[in-house]
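Undergrad: Compact mmCIF, C-alpha atoms, file run-v2.txt:
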# COMPACT_ATOMS: atom_id res chain seq x y z
CA MET A 1 0.00 0.00 0.00
CA LEU A 2 1.97 2.96 -1.33
CA TYR A 3 0.92 6.56 -0.67
CA LEU A 4 2.66 9.61 -2.14
CA ALA A 5 3.11 13.03 -0.60
CA LEU A 6 4.48 16.00 -2.51
CA ILE A 7 6.00 18.23 0.14
CA HIS A 8 6.09 22.03 -0.26
CA TYR A 9 7.27 22.61 3.33
CA PRO A 10 9.78 22.05 4.85
CA VAL A 11 11.98 22.01 1.75
CA LYS A 12 15.27 23.66 0.84
CA ASN A 13 15.89 26.48 -1.61
CA ARG A 14 19.09 26.76 -3.64
CA ASN A 15 20.82 28.43 -0.70
CA ASN A 16 19.98 25.54 1.61
CA GLU A 17 17.42 27.62 3.51
CA ILE A 18 14.13 26.13 4.64
CA ILE A 19 11.18 27.50 2.68
CA ALA A 20 7.59 26.80 1.68
CA SER A 21 7.73 26.38 -2.10
CA ALA A 22 5.03 27.42 -4.55
CA VAL A 23 2.89 24.74 -6.15
CA THR A 24 3.68 23.87 -9.78
CA ASN A 25 0.58 23.02 -11.78
CA LEU A 26 2.19 20.26 -13.81
CA ASP A 27 3.55 18.54 -10.67
CA ILE A 28 -0.05 17.88 -9.69
CA HIS A 29 -1.08 16.61 -13.12
CA ASP A 30 1.97 14.49 -13.87
CA ILE A 31 2.27 12.84 -10.46
CA ALA A 32 -1.50 12.22 -10.28
CA ARG A 33 -1.40 10.53 -13.70
CA ALA A 34 1.60 8.42 -12.68
CA ALA A 35 0.00 7.54 -9.31
CA LYS A 36 -3.13 6.39 -11.12
CA THR A 37 -1.18 4.48 -13.79
CA TYR A 38 0.89 2.60 -11.24
CA GLY A 39 -1.90 2.08 -8.71
CA ALA A 40 -0.65 4.15 -5.77
CA GLU A 41 -3.37 4.43 -3.08
CA ALA A 42 -3.47 8.23 -2.96
CA PHE A 43 -1.44 11.32 -3.74
CA PHE A 44 -1.26 14.03 -1.08
CA VAL A 45 -0.21 17.57 -1.94
CA VAL A 46 1.12 19.17 1.23
CA SER A 47 1.40 22.92 1.72
CA PRO A 48 0.95 25.09 4.83
CA LEU A 49 0.05 28.08 2.63
CA GLU A 50 -3.68 28.57 2.34
CA ASP A 51 -3.55 30.29 -1.06
CA GLN A 52 -1.48 27.45 -2.48
CA ARG A 53 -3.93 24.86 -1.20
CA ALA A 54 -6.78 26.89 -2.69
CA LEU A 55 -4.95 26.88 -6.04
CA VAL A 56 -4.60 23.10 -6.01
CA SER A 57 -8.25 22.68 -5.03
CA LYS A 58 -9.23 24.91 -7.92
CA ILE A 59 -7.18 22.84 -10.38
CA ILE A 60 -8.79 19.66 -9.10
CA ARG A 61 -12.30 21.11 -9.27
CA HIS A 62 -11.75 22.26 -12.85
CA TRP A 63 -10.92 18.73 -13.94
CA GLU A 64 -13.31 16.91 -11.63
CA THR A 65 -16.53 18.85 -12.06
CA GLY A 66 -15.72 21.87 -14.27
CA ALA A 67 -15.07 22.21 -17.99
CA GLY A 68 -12.11 19.84 -17.78
CA ALA A 69 -14.27 16.91 -16.68
CA VAL A 70 -16.08 16.99 -20.00
CA TYR A 71 -12.95 17.71 -22.01
CA ASN A 72 -10.79 14.93 -20.61
CA ARG A 73 -12.21 12.16 -18.47
CA ASP A 74 -8.89 10.40 -18.05
CA ARG A 75 -7.53 13.50 -16.37
CA LYS A 76 -10.53 13.57 -14.07
CA GLU A 77 -9.78 10.03 -12.94
CA ALA A 78 -6.15 10.89 -12.26
CA LEU A 79 -6.94 14.00 -10.26
CA ALA A 80 -9.42 12.04 -8.15
CA THR A 81 -6.33 10.52 -6.46
CA VAL A 82 -5.25 13.96 -5.17
CA THR A 83 -5.89 15.23 -1.64
CA VAL A 84 -4.64 18.60 -0.41
CA ARG A 85 -3.40 18.87 3.19
CA PRO A 86 -1.67 21.58 5.24
CA GLY A 87 0.87 19.34 6.96
CA LEU A 88 2.38 15.89 7.13
CA LYS A 89 0.53 15.27 10.40
CA ASP A 90 -2.78 15.56 8.55
CA VAL A 91 -1.60 13.07 5.94
CA LEU A 92 -0.58 10.59 8.63
CA ASN A 93 -4.02 10.96 10.24
CA ASP A 94 -5.77 10.34 6.93
CA ILE A 95 -3.78 7.19 6.26
CA ARG A 96 -4.30 5.94 9.81
CA ASN A 97 -8.04 6.52 9.45
CA GLN A 98 -8.14 4.71 6.13
CA THR A 99 -5.97 1.74 6.97
CA GLY A 100 -5.97 1.49 10.75
CA LYS A 101 -2.18 1.67 10.72
CA ALA A 102 0.45 4.38 10.84
CA PRO A 103 2.49 4.40 7.62
CA LEU A 104 6.22 3.97 7.49
CA LEU A 105 7.81 7.14 6.11
CA VAL A 106 10.25 6.91 3.23
CA ALA A 107 12.13 10.09 2.37
CA THR A 108 13.78 10.69 -1.01
CA THR A 109 16.86 12.60 -2.10
CA ALA A 110 18.89 13.11 -5.25
CA ALA A 111 22.09 13.33 -3.19
CA GLU A 112 24.41 10.40 -2.69
CA ALA A 113 23.60 10.33 0.97
CA MET A 114 23.00 7.90 3.77
CA ALA A 115 20.26 5.96 1.99
CA ASN A 116 19.18 2.86 3.88
CA LEU A 117 16.54 1.46 1.53
CA SER A 118 17.19 0.13 -1.97
CA PHE A 119 14.53 0.08 -4.69
CA GLU A 120 14.67 -3.69 -4.71
CA ASP A 121 14.14 -3.95 -0.96
CA PHE A 122 11.32 -1.39 -1.02
CA ARG A 123 9.58 -3.21 -3.89
CA ARG A 124 9.80 -6.49 -1.96
CA ARG A 125 8.37 -4.89 1.19
CA LEU A 126 5.47 -3.38 -0.76
CA LEU A 127 4.59 -6.75 -2.23
CA LYS A 128 3.68 -7.99 1.25
CA LYS A 129 0.76 -5.53 1.26
CA ASP A 130 0.71 -5.70 5.05
CA ARG A 131 0.98 -2.02 5.90
CA PRO A 132 0.87 1.50 4.43
CA TRP A 133 4.05 3.21 3.21
CA LEU A 134 4.27 6.94 2.60
CA LEU A 135 6.80 8.18 0.06
CA LEU A 136 7.86 11.81 0.59
CA LEU A 137 8.77 13.75 -2.55
CA GLY A 138 10.48 17.11 -2.14
CA THR A 139 9.90 20.22 -4.23
CA GLY A 140 12.38 23.12 -4.49
CA TRP A 141 15.90 21.83 -3.79
CA GLY A 142 14.62 18.86 -1.82
CA LEU A 143 13.26 17.78 1.57
CA SER A 144 14.72 19.41 4.67
CA ASP A 145 17.43 17.44 6.45
CA GLU A 146 15.27 17.35 9.54
CA LEU A 147 12.37 15.77 7.66
CA ILE A 148 14.73 13.23 6.11
CA GLY A 149 16.20 12.53 9.55
CA SER A 150 12.80 11.95 11.13
CA SER A 151 11.65 9.52 8.42
CA ASP A 152 11.87 5.76 8.90
CA PHE A 153 13.85 5.22 5.71
CA LEU A 154 15.79 7.15 3.08
CA LEU A 155 15.38 5.68 -0.40
CA GLU A 156 18.51 5.38 -2.51
CA PRO A 157 18.76 8.12 -5.17
CA ILE A 158 17.86 7.41 -8.79
CA ARG A 159 21.09 7.09 -10.68
CA GLY A 160 21.16 7.53 -14.43
CA ASN A 161 24.40 6.38 -15.93
CA THR A 162 26.24 9.69 -15.86
CA GLY A 163 27.61 11.91 -13.12
CA TYR A 164 24.69 14.26 -13.75
CA ASN A 165 21.59 13.63 -11.65
CA HIS A 166 19.03 16.42 -11.82
CA LEU A 167 15.63 14.99 -12.66
CA SER A 168 12.51 17.07 -12.09
CA VAL A 169 10.33 15.86 -9.21
CA ARG A 170 7.79 14.88 -11.90
CA SER A 171 10.33 12.65 -13.63
CA ALA A 172 11.69 11.27 -10.37
CA ALA A 173 8.21 10.37 -9.11
CA SER A 174 7.46 8.54 -12.36
CA VAL A 175 10.69 6.55 -12.33
CA ILE A 176 10.28 5.66 -8.64
CA LEU A 177 6.72 4.42 -9.24
CA ASP A 178 7.87 2.40 -12.23
CA ARG A 179 10.66 0.77 -10.22
CA LEU A 180 8.44 0.04 -7.22
CA LEU A 181 5.12 -0.88 -8.81
CA GLY A 182 5.72 -1.37 -12.54
CA ARG A 183 5.15 -4.78 -14.07
CA SER A 184 8.42 -6.62 -14.19
CA MET B 1 23.73 5.55 -29.08
CA LEU B 2 20.26 6.78 -28.17
CA TYR B 3 18.84 10.03 -29.54
CA LEU B 4 15.47 11.48 -28.55
CA ALA B 5 13.05 13.50 -30.66
CA LEU B 6 9.98 15.21 -29.23
CA ILE B 7 7.58 15.43 -32.16
CA HIS B 8 5.07 18.31 -32.43
CA TYR B 9 4.03 17.36 -35.99
CA PRO B 10 2.55 15.06 -37.21
CA VAL B 11 0.67 14.19 -34.00
CA LYS B 12 -2.95 13.51 -33.20
CA ASN B 13 -5.38 15.68 -31.29
CA ARG B 14 -8.16 14.23 -29.13
CA ASN B 15 -10.36 13.84 -32.21
CA ASN B 16 -7.72 11.79 -33.98
CA GLU B 17 -6.96 14.62 -36.42
CA ILE B 18 -3.39 15.41 -37.46
CA ILE B 19 -2.13 18.65 -36.00
CA ALA B 20 1.02 20.59 -35.14
CA SER B 21 0.92 20.87 -31.33
CA ALA B 22 2.19 23.81 -29.29
CA VAL B 23 5.43 23.46 -27.37
CA THR B 24 5.12 22.95 -23.60
CA ASN B 25 7.92 24.65 -21.70
CA LEU B 26 8.30 21.93 -19.08
CA ASP B 27 8.55 19.20 -21.75
CA ILE B 28 11.80 20.80 -22.84
CA HIS B 29 13.17 21.13 -19.32
CA ASP B 30 12.11 17.73 -17.99
CA ILE B 31 13.16 15.69 -21.00
CA ALA B 32 16.46 17.58 -21.32
CA ARG B 33 17.23 16.87 -17.65
CA ALA B 34 16.33 13.20 -18.07
CA ALA B 35 18.34 12.94 -21.32
CA LYS B 36 21.37 14.39 -19.54
CA THR B 37 20.90 12.21 -16.44
CA TYR B 38 20.67 9.01 -18.46
CA GLY B 39 23.32 9.93 -21.03
CA ALA B 40 21.24 10.16 -24.22
CA GLU B 41 23.33 11.59 -27.07
CA ALA B 42 21.01 14.49 -27.90
CA PHE B 43 17.43 15.68 -27.57
CA PHE B 44 15.75 17.11 -30.67
CA VAL B 45 12.64 19.26 -30.39
CA VAL B 46 10.82 19.03 -33.72
CA SER B 47 8.25 21.58 -34.86
CA PRO B 48 7.44 22.93 -38.33
CA LEU B 49 6.08 26.15 -36.78
CA GLU B 50 8.63 28.94 -36.82
CA ASP B 51 7.19 30.77 -33.81
CA GLN B 52 7.31 27.58 -31.75
CA ARG B 53 10.93 26.95 -32.70
CA ALA B 54 11.74 30.56 -31.80
CA LEU B 55 10.12 30.00 -28.40
CA VAL B 56 12.24 26.93 -27.71
CA SER B 57 15.39 28.76 -28.83
CA LYS B 58 14.53 31.59 -26.47
CA ILE B 59 14.11 29.18 -23.55
CA ILE B 60 17.44 27.57 -24.32
CA ARG B 61 19.22 30.92 -24.66
CA HIS B 62 17.83 32.10 -21.33
CA TRP B 63 19.35 29.10 -19.56
CA GLU B 64 22.51 28.85 -21.63
CA THR B 65 23.73 32.42 -21.76
CA GLY B 66 21.04 34.57 -20.11
CA ALA B 67 20.06 35.09 -16.48
CA GLY B 68 19.30 31.39 -16.08
CA ALA B 69 22.89 30.35 -16.74
CA VAL B 70 24.04 32.19 -13.62
CA TYR B 71 21.02 31.10 -11.57
CA ASN B 72 21.20 27.38 -12.30
CA ARG B 73 24.23 25.84 -13.97
CA ASP B 74 22.80 22.32 -13.86
CA ARG B 75 19.88 23.46 -15.99
CA LYS B 76 22.32 25.02 -18.45
CA GLU B 77 24.07 21.68 -18.85
CA ALA B 78 20.77 19.89 -19.44
CA LEU B 79 19.53 22.37 -22.03
CA ALA B 80 22.83 22.08 -23.90
CA THR B 81 21.54 18.68 -25.08
CA VAL B 82 18.60 20.33 -26.90
CA THR B 83 18.53 21.05 -30.64
CA VAL B 84 15.50 22.57 -32.38
CA ARG B 85 14.63 21.33 -35.88
CA PRO B 86 11.70 21.89 -38.26
CA GLY B 87 11.27 18.29 -39.37
CA LEU B 88 12.32 14.71 -38.80
CA LYS B 89 14.35 14.80 -42.03
CA ASP B 90 16.59 17.46 -40.47
CA VAL B 91 17.09 15.31 -37.38
CA LEU B 92 18.06 12.31 -39.49
CA ASN B 93 20.57 14.47 -41.37
CA ASP B 94 22.08 15.73 -38.13
CA ILE B 95 22.51 12.23 -36.77
CA ARG B 96 23.94 10.97 -40.05
CA ASN B 97 26.43 13.83 -40.06
CA GLN B 98 27.43 13.14 -36.46
CA THR B 99 27.71 9.38 -36.63
CA GLY B 100 28.10 8.50 -40.31
CA LYS B 101 25.06 6.26 -40.03
CA ALA B 102 21.32 6.59 -40.46
CA PRO B 103 19.54 5.92 -37.16
CA LEU B 104 16.93 3.24 -36.72
CA LEU B 105 13.61 4.87 -35.85
CA VAL B 106 11.68 3.67 -32.81
CA ALA B 107 8.15 5.02 -32.44
CA THR B 108 6.28 5.05 -29.13
CA THR B 109 2.62 4.73 -28.20
CA ALA B 110 0.53 4.39 -25.06
CA ALA B 111 -1.94 2.16 -26.91
CA GLU B 112 -1.83 -1.60 -26.70
CA ALA B 113 -0.93 -1.81 -30.36
CA MET B 114 1.26 -3.78 -32.69
CA ALA B 115 4.48 -3.16 -30.78
CA ASN B 116 7.40 -5.15 -32.12
CA LEU B 117 10.17 -4.09 -29.74
CA SER B 118 10.28 -4.86 -26.03
CA PHE B 119 12.17 -2.74 -23.52
CA GLU B 120 14.47 -5.66 -22.81
CA ASP B 121 15.28 -6.21 -26.47
CA PHE B 122 15.84 -2.47 -27.06
CA ARG B 123 18.13 -2.23 -24.04
CA ARG B 124 20.20 -5.15 -25.31
CA ARG B 125 20.48 -3.64 -28.79
CA LEU B 126 21.61 -0.31 -27.35
CA LEU B 127 24.33 -2.01 -25.34
CA LYS B 128 26.05 -3.01 -28.58
CA LYS B 129 26.75 0.69 -29.24
CA ASP B 130 27.15 -0.10 -32.93
CA ARG B 131 24.65 2.36 -34.42
CA PRO B 132 22.42 5.33 -33.64
CA TRP B 133 18.80 4.83 -32.54
CA LEU B 134 16.23 7.61 -32.59
CA LEU B 135 13.33 7.39 -30.17
CA LEU B 136 10.24 9.35 -31.29
CA LEU B 137 8.11 10.81 -28.50
CA GLY B 138 4.69 12.17 -29.40
CA THR B 139 3.01 15.26 -27.95
CA GLY B 140 -0.75 15.90 -28.08
CA TRP B 141 -2.61 12.58 -28.30
CA GLY B 142 0.40 10.79 -29.76
CA LEU B 143 2.37 10.24 -32.98
CA SER B 144 0.40 9.96 -36.23
CA ASP B 145 -0.32 6.44 -37.42
CA GLU B 146 1.61 7.18 -40.58
CA LEU B 147 4.73 8.18 -38.66
CA ILE B 148 4.41 5.05 -36.51
CA GLY B 149 3.95 2.97 -39.65
CA SER B 150 7.04 4.41 -41.33
CA SER B 151 9.29 3.80 -38.30
CA ASP B 152 11.54 0.76 -38.05
CA PHE B 153 10.14 -0.32 -34.69
CA LEU B 154 7.26 0.38 -32.35
CA LEU B 155 8.26 0.16 -28.70
CA GLU B 156 5.90 -1.66 -26.36
CA PRO B 157 3.79 0.71 -24.24
CA ILE B 158 4.70 1.41 -20.62
CA ARG B 159 2.28 -0.52 -18.49
CA GLY B 160 1.72 0.43 -14.88
CA ASN B 161 -0.14 -2.22 -13.00
CA THR B 162 -3.66 -0.92 -13.55
CA GLY B 163 -5.93 -0.62 -16.58
CA TYR B 164 -5.24 3.12 -16.57
CA ASN B 165 -2.30 4.24 -18.71
CA HIS B 166 -2.11 7.99 -19.22
CA LEU B 167 1.36 9.23 -18.36
CA SER B 168 2.48 12.67 -19.51
CA VAL B 169 5.12 12.62 -22.24
CA ARG B 170 7.51 13.97 -19.61
CA SER B 171 6.87 11.00 -17.33
CA ALA B 172 6.91 8.51 -20.18
CA ALA B 173 10.24 9.81 -21.49
CA SER B 174 11.77 9.51 -18.01
CA VAL B 175 10.54 5.96 -17.46
CA ILE B 176 11.66 4.88 -20.95
CA LEU B 177 15.15 6.31 -20.37
CA ASP B 178 15.34 4.60 -16.98
CA ARG B 179 14.37 1.26 -18.47
CA LEU B 180 16.74 1.56 -21.43
CA LEU B 181 19.78 3.26 -19.94
CA GLY B 182 19.36 3.19 -16.15
CA ARG B 183 21.86 1.29 -14.06
CA SER B 184 20.52 -2.16 -13.41
Would you give me this structure, written as structure tokens?

TA:
Amino acid sequence: MLYLALIHYPVKNRNNEIIASAVTNLDIHDIARAAKTYGAEAFFVVSPLEDQRALVSKIIRHWETGAGAVYNRDRKEALATVTVRPGLKDVLNDIRNQTGKAPLLVATTAAEAMANLSFEDFRRRLLKKDRPWLLLLGTGWGLSDELIGSSDFLLEPIRGNTGYNHLSVRSAASVILDRLLGRS
Amino acid sequence: MLYLALIHYPVKNRNNEIIASAVTNLDIHDIARAAKTYGAEAFFVVSPLEDQRALVSKIIRHWETGAGAVYNRDRKEALATVTVRPGLKDVLNDIRNQTGKAPLLVATTAAEAMANLSFEDFRRRLLKKDRPWLLLLGTGWGLSDELIGSSDFLLEPIRGNTGYNHLSVRSAASVILDRLLGRS
């Protein structure tokens, strides 16, 4: 049972300061479509900023019940996976209410850091379907060190086959879902 | 030797008509970053519309030599992989000039169609490094049937693990690159 959370706070900016990042429209669309394609349970968009949450809600409404619902029904289905929440605590509550269990938190990073969970191991654990897992995706320049430190696991970074490793969070989310849940 | 081409004509719209689609800014960024991360040789953005090509060139210039180059050097490196061309013929010429060989064309589709190339087979062929391959990515509602028909291969669709299969072209490109060139 894999849940996704796109975190807009606490994340780093390019100067390593903790900020609340702005929501990017296509993050919502792309990650919702990937979540739906790969069968993730739900996709939480997390921001403490009320205007940003209102923006996401407006996007969802447009595609769920507005003009977009008529224009593109596939998009409507994808955006039905999205829930907007102010903080991680709210997400944990939601998952606990839905599943009766607290999820294990898996942080992500593009840095060659102290990862303690391989894709292979994570995939194997998910196959047991015995508990919820929450994957934390960072916007801006990535999740805060404190958030990474307080998570249960840190997933190994996606490595291409070059020294360069700067995928968008949209690309990273898609590749992670493919590695964890894609048909092998 | 894997080359990518993002095709804006001929592609289908939602009514199955052939159109020239508009360029999406984040397609350029996301696919360039993925191409660079996974070590694709080059990323061609193909549009017959002069104003669309001018737009892409402007985006590239901003990040290569404008304000963006100072702001984010990683992005500059990624966008250095991008070349804008009016038609597929121009792309084939470029690759022939660079490598001395005509590339094999691999079309892509999200439909469960007459695919004749699996990811595994394609990965194995690429490992030989004996010739250029050009992967065609469709915008809009996908590559025209004629373009698919005139390609050498049609790559199997990405399957998640649900009946739903509507990834963005940005997500699809990232997953395809990971499957073909990612470290195993």

Undergrad: Residues of chain A within 9 Å of chain B, counting all atoms listed in the file, what are they? List them as JSON, numbers by chain.

TA: {"A": [14, 26, 29, 30, 31, 33, 34, 36, 37, 38, 39, 72, 74, 75, 78, 158, 159, 160, 161, 162, 163, 164, 165, 166, 167, 168, 170, 171, 172, 173, 174, 175, 176, 177, 178, 179, 181, 182, 183]}

Undergrad: Work out how far apart CA of Gln52 in chain A and CA of Gly149 in chain A are and give it in Å to one decimal.

TA: 26.1 Å

Undergrad: Which is closer to Thr24 in chain B than all the others in B:Val45, B:Ala111, B:Leu117, B:Ala69, using all atoms listed in the file?

TA: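 For Thr24 in chain B, the nearest of the candidates is B:Val45.
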
Undergrad: Could you tell me which of B:Leu180, B:Pro157, B:Gly142, B:Ala54 comes closest to Arg123 in chain B if we count all atoms listed in the file?

TA: B:Leu180

Undergrad: What is the CA of Gly87 in chain B-CA of Asn16 in chain B distance in Å, reported with one decimal?

TA: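 These atoms are spaced 20.8 Å apart.
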
Undergrad: Counting all atoms listed in the file, select every polymer residue within 10 Å of (18.4, 1.7, 2.1) as defined in the file's coordinates, and provide the selection as a PDB file with C-alpha atoms, in the coordinates of the input.

TA:
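Listed below is the output, result11.pdb:
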ATOM      1  CA  VAL A 106      10.250   6.910   3.230  1.00  0.00           C
ATOM      2  CA  MET A 114      23.000   7.900   3.770  1.00  0.00           C
ATOM      3  CA  ALA A 115      20.260   5.960   1.990  1.00  0.00           C
ATOM      4  CA  ASN A 116      19.180   2.860   3.880  1.00  0.00           C
ATOM      5  CA  LEU A 117      16.540   1.460   1.530  1.00  0.00           C
ATOM      6  CA  SER A 118      17.190   0.130  -1.970  1.00  0.00           C
ATOM      7  CA  PHE A 119      14.530   0.080  -4.690  1.00  0.00           C
ATOM      8  CA  GLU A 120      14.670  -3.690  -4.710  1.00  0.00           C
ATOM      9  CA  ASP A 121      14.140  -3.950  -0.960  1.00  0.00           C
ATOM     10  CA  PHE A 122      11.320  -1.390  -1.020  1.00  0.00           C
ATOM     11  CA  PHE A 153      13.850   5.220   5.710  1.00  0.00           C
ATOM     12  CA  LEU A 154      15.790   7.150   3.080  1.00  0.00           C
ATOM     13  CA  LEU A 155      15.380   5.680  -0.400  1.00  0.00           C
ATOM     14  CA  GLU A 156      18.510   5.380  -2.510  1.00  0.00           C
ATOM     15  CA  PRO A 157      18.760   8.120  -5.170  1.00  0.00           C
TER      16      PRO A 157
END

Undergrad: Quick one: residues within 7 Å of range 1-9 of chain A, only C-alpha atoms, excluding same-chain residues fewer than 3 positions away - as a list in words?

TA: Ile19, Ala20, Ser21, Ala22, Ala40, Glu41, Ala42, Phe43, Phe44, Val45, Val46, Ser47, Pro48, Leu126, Lys129, Arg131, Pro132, Trp133, Leu134, Leu135, Leu136, Leu137, Gly138 and Thr139 of chain A

Undergrad: What is the CA of Leu143 in chain A to CA of Asn13 in chain A distance in Å?

TA: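 Distance reported for this atom pair: 9.6 Å.
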
Undergrad: Put a box with edges along x, y and z around all the listed atoms of range 31-43 of chain B, pad it by 6 Å on each side, then give me its centre and sizes in Å, one decimal, as AutoDock Vina command-line options.

TA:
--center_x 18.2 --center_y 13.3 --center_z -22.2 --size_x 22.2 --size_y 20.6 --size_z 23.5
